[in-house]
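Some notes on the structure that comes next.
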Amino acid sequence: MLKTLPIVDTPMVNAKTDQRRHPSWIKARIPGGGNYAELKKLMRDLQLHTVCEEARCPNIGECWSSRTATFMILGDVCTRRCMFCAVKKGNPDGNVDADEPRRIGEAVGYLKLKHIVITSVNRDDLSDGGASVFAECIAEARKHRPGCTVEVLIPDLEGNWDALAIIVRARPEVLNHNTETVPRLYRRVRPYANYEQTLTLLQTSKQLDTEMLTKSGLMVGLGETVTELLETMRDIRSTDCDILTIGQYLSPSPRHLPIQRYYTPEEFDELKEAGMEMGFRHVESGPLVRSSYHAGEQARIGQH
């Protein structure tokens, strides 16, 4: 088990090298095609944001061509300054688009989606972190597309469990909150987040609704050791989390954290095997895996 993974931090790329030169297995589909163009036009017409665009997801070509997108609500400006993320940072000044949930519902209905993912920027300027807007979006999606399953990828809400309960009461089929990295690297990678709070959010979500699937995600290649990575996976599983995603960190720009190591496809396979042995219902592990990659399929697997 895990014979090819290093036990110590041994960077496979130098932080000063050109990190745009990814290994051969890091290949994303070039965006294009009729579905891609149609979905992009729909997002512009309805004035909606997607994390696919804002976070520069490498899977946008594949997902949009198959008419799948992750809606990003509450604007496109995040109140946090995580060093791995390409989303714009700033102060939204409490502004909330009250009509956004309706437009989300309209898009879901138009696209005839069977499974949708709704995420948001961090909105620490709002008393409930945007929880009430998440709930409204879930309701509007089901209003316009009865029978669709809903996944929410939520921020930590600054540990406001009353706000978390608002989202859970809206009955999403899947509640996702990403752990992102190992605890030792939190101060550098997620300076405004807290590792223990992340675990508590996952555990509290499951306690609020034992039938709801919970999910979390990790990035690798930031300087973690395999021992730390496996311990973190066990910590996530200890919250009774059902689904885990593991993907390669890719630096969005020279201003962001550099890549310390590229994991091979074989190593991702071994991490998947390790996660399944820990008791996760499903582990999606691969170089280009992101939180919402194959989300509908993950939800179906998790429910059986």
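By convention in this document, the chains of the structure tokens carry letters A, B, ... by their order, each chain's residues are numbered from 1, and ligands are numbered from 1 in the order they are shown.
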Per residue of segment 172-274 of chain A within 10 Å of segment 115-135 of chain A, which atom pair is closest and at what distance in Å (one decimal), using only C-alpha atoms, listed by chain and increasing number, as JSON lines?
```
{"residue": "A:Pro172", "atom": "CA", "partner": "A:Ala135", "partner_atom": "CA", "distance": 8.8}
{"residue": "A:Glu173", "atom": "CA", "partner": "A:His115", "partner_atom": "CA", "distance": 9.6}
{"residue": "A:Val174", "atom": "CA", "partner": "A:Val117", "partner_atom": "CA", "distance": 9.0}
{"residue": "A:Leu175", "atom": "CA", "partner": "A:Val117", "partner_atom": "CA", "distance": 9.7}
{"residue": "A:Asn176", "atom": "CA", "partner": "A:Thr119", "partner_atom": "CA", "distance": 9.1}
{"residue": "A:His177", "atom": "CA", "partner": "A:Thr119", "partner_atom": "CA", "distance": 9.7}
```
Write out, as a CSV table (one decimal), in the first residue's frame, the residues just selected, with C-alpha atoms.
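Printed below is part_3.csv as written:
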```
chain,number,residue,atom,x,y,z
A,172,PRO,CA,-29.5,19.4,0.0
A,173,GLU,CA,-28.7,15.8,-0.9
A,174,VAL,CA,-24.9,16.5,-0.5
A,175,LEU,CA,-23.2,19.0,1.7
A,176,ASN,CA,-19.6,19.6,0.8
A,177,HIS,CA,-17.0,21.6,2.8
```
Quick one: which segment 134-228 of chain A residues come within 10 Å of segment 253-272 of chain A, and what is the nearest atom pair for each with the distance in Å to one decimal, counting only C-alpha atoms, rows ordered by chain and ascending number, as a tab-separated table?
```
residue	atom	partner	partner_atom	distance
A:Arg188	CA	A:Leu257	CA	8.7
A:Val189	CA	A:Leu257	CA	7.8
A:Val220	CA	A:Tyr263	CA	7.6
A:Gly221	CA	A:Arg261	CA	4.4
A:Leu222	CA	A:Gln260	CA	5.3
A:Gly223	CA	A:Gln260	CA	5.4
A:Glu224	CA	A:Gln260	CA	8.8
A:Val226	CA	A:Leu271	CA	9.5
```
Subject >> For atom CA of Asp162 of chain A and atom CA of Asp76 of chain A, the interatomic separation in Å (one decimal) >> reply: 24.5 Å
**OP:** Name the closest residue to Thr70 of chain A among the candidates A:Ile26, A:Ala141, A:Glu151, A:Pro183; distances are taken between atoms, counting only C-alpha atoms.
**Re:**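 Of A:Ile26, A:Ala141, A:Glu151, A:Pro183, the one nearest Thr70 of chain A is A:Glu151, counting only C-alpha atoms.
Compared by their closest atoms to Leu185 of chain A, and using only C-alpha atoms, the residues A:Glu277, A:Ile236, A:Asn95, A:Phe84 rank with A:Phe84 nearest.
Each of A:Asn178, A:Thr149, A:Ser251, A:Ser292 was checked against Asn194 of chain A using only C-alpha atoms; the smallest atom-to-atom distance is that of A:Asn178.
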**OP:** Using only C-alpha atoms, find the one residue out of A:Lys114, A:Arg184, A:Leu218, A:Ile243 that sits nearest to Pro146 of chain A.
**Re:** A:Lys114
Original post:
Using only C-alpha atoms, which residue out of A:Asp156, A:Val150, A:Thr179, A:Leu288 lies closest to Leu244 of chain A?
Top reply: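 Of all the options, A:Thr179 lies closest to Leu244 of chain A.
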Original post:
Where does DSSP see strand (DSSP E) in segment 160-290 of chain A, if you list the residues as an MDAnalysis selection string?
Top reply: chainID A and resid 174:176 213:220 243:248 282:286
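Counting only C-alpha atoms, the residue from A:Val182, A:Ile138, A:Leu208, A:Leu153 that sits nearest to Val168 of chain A is A:Leu208.
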Original post:
How many Å separate atom CA of His144 of chain A from atom CA of Gly105 of chain A?
Top reply: 5.4 Å
**OP:** Step one, run DSSP on the backbone; step two, keep only residues of segment 138-276 of chain A assigned to helix (DSSP H, G or I); then write them as a VMD selection string.
**Re:** chain A and resid 138 to 144 157 to 159 161 to 169 183 to 189 195 to 208 226 to 237 265 to 276
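You will find atom CA of Leu250 of chain A at 22.3 Å from atom CA of Thr198 of chain A.
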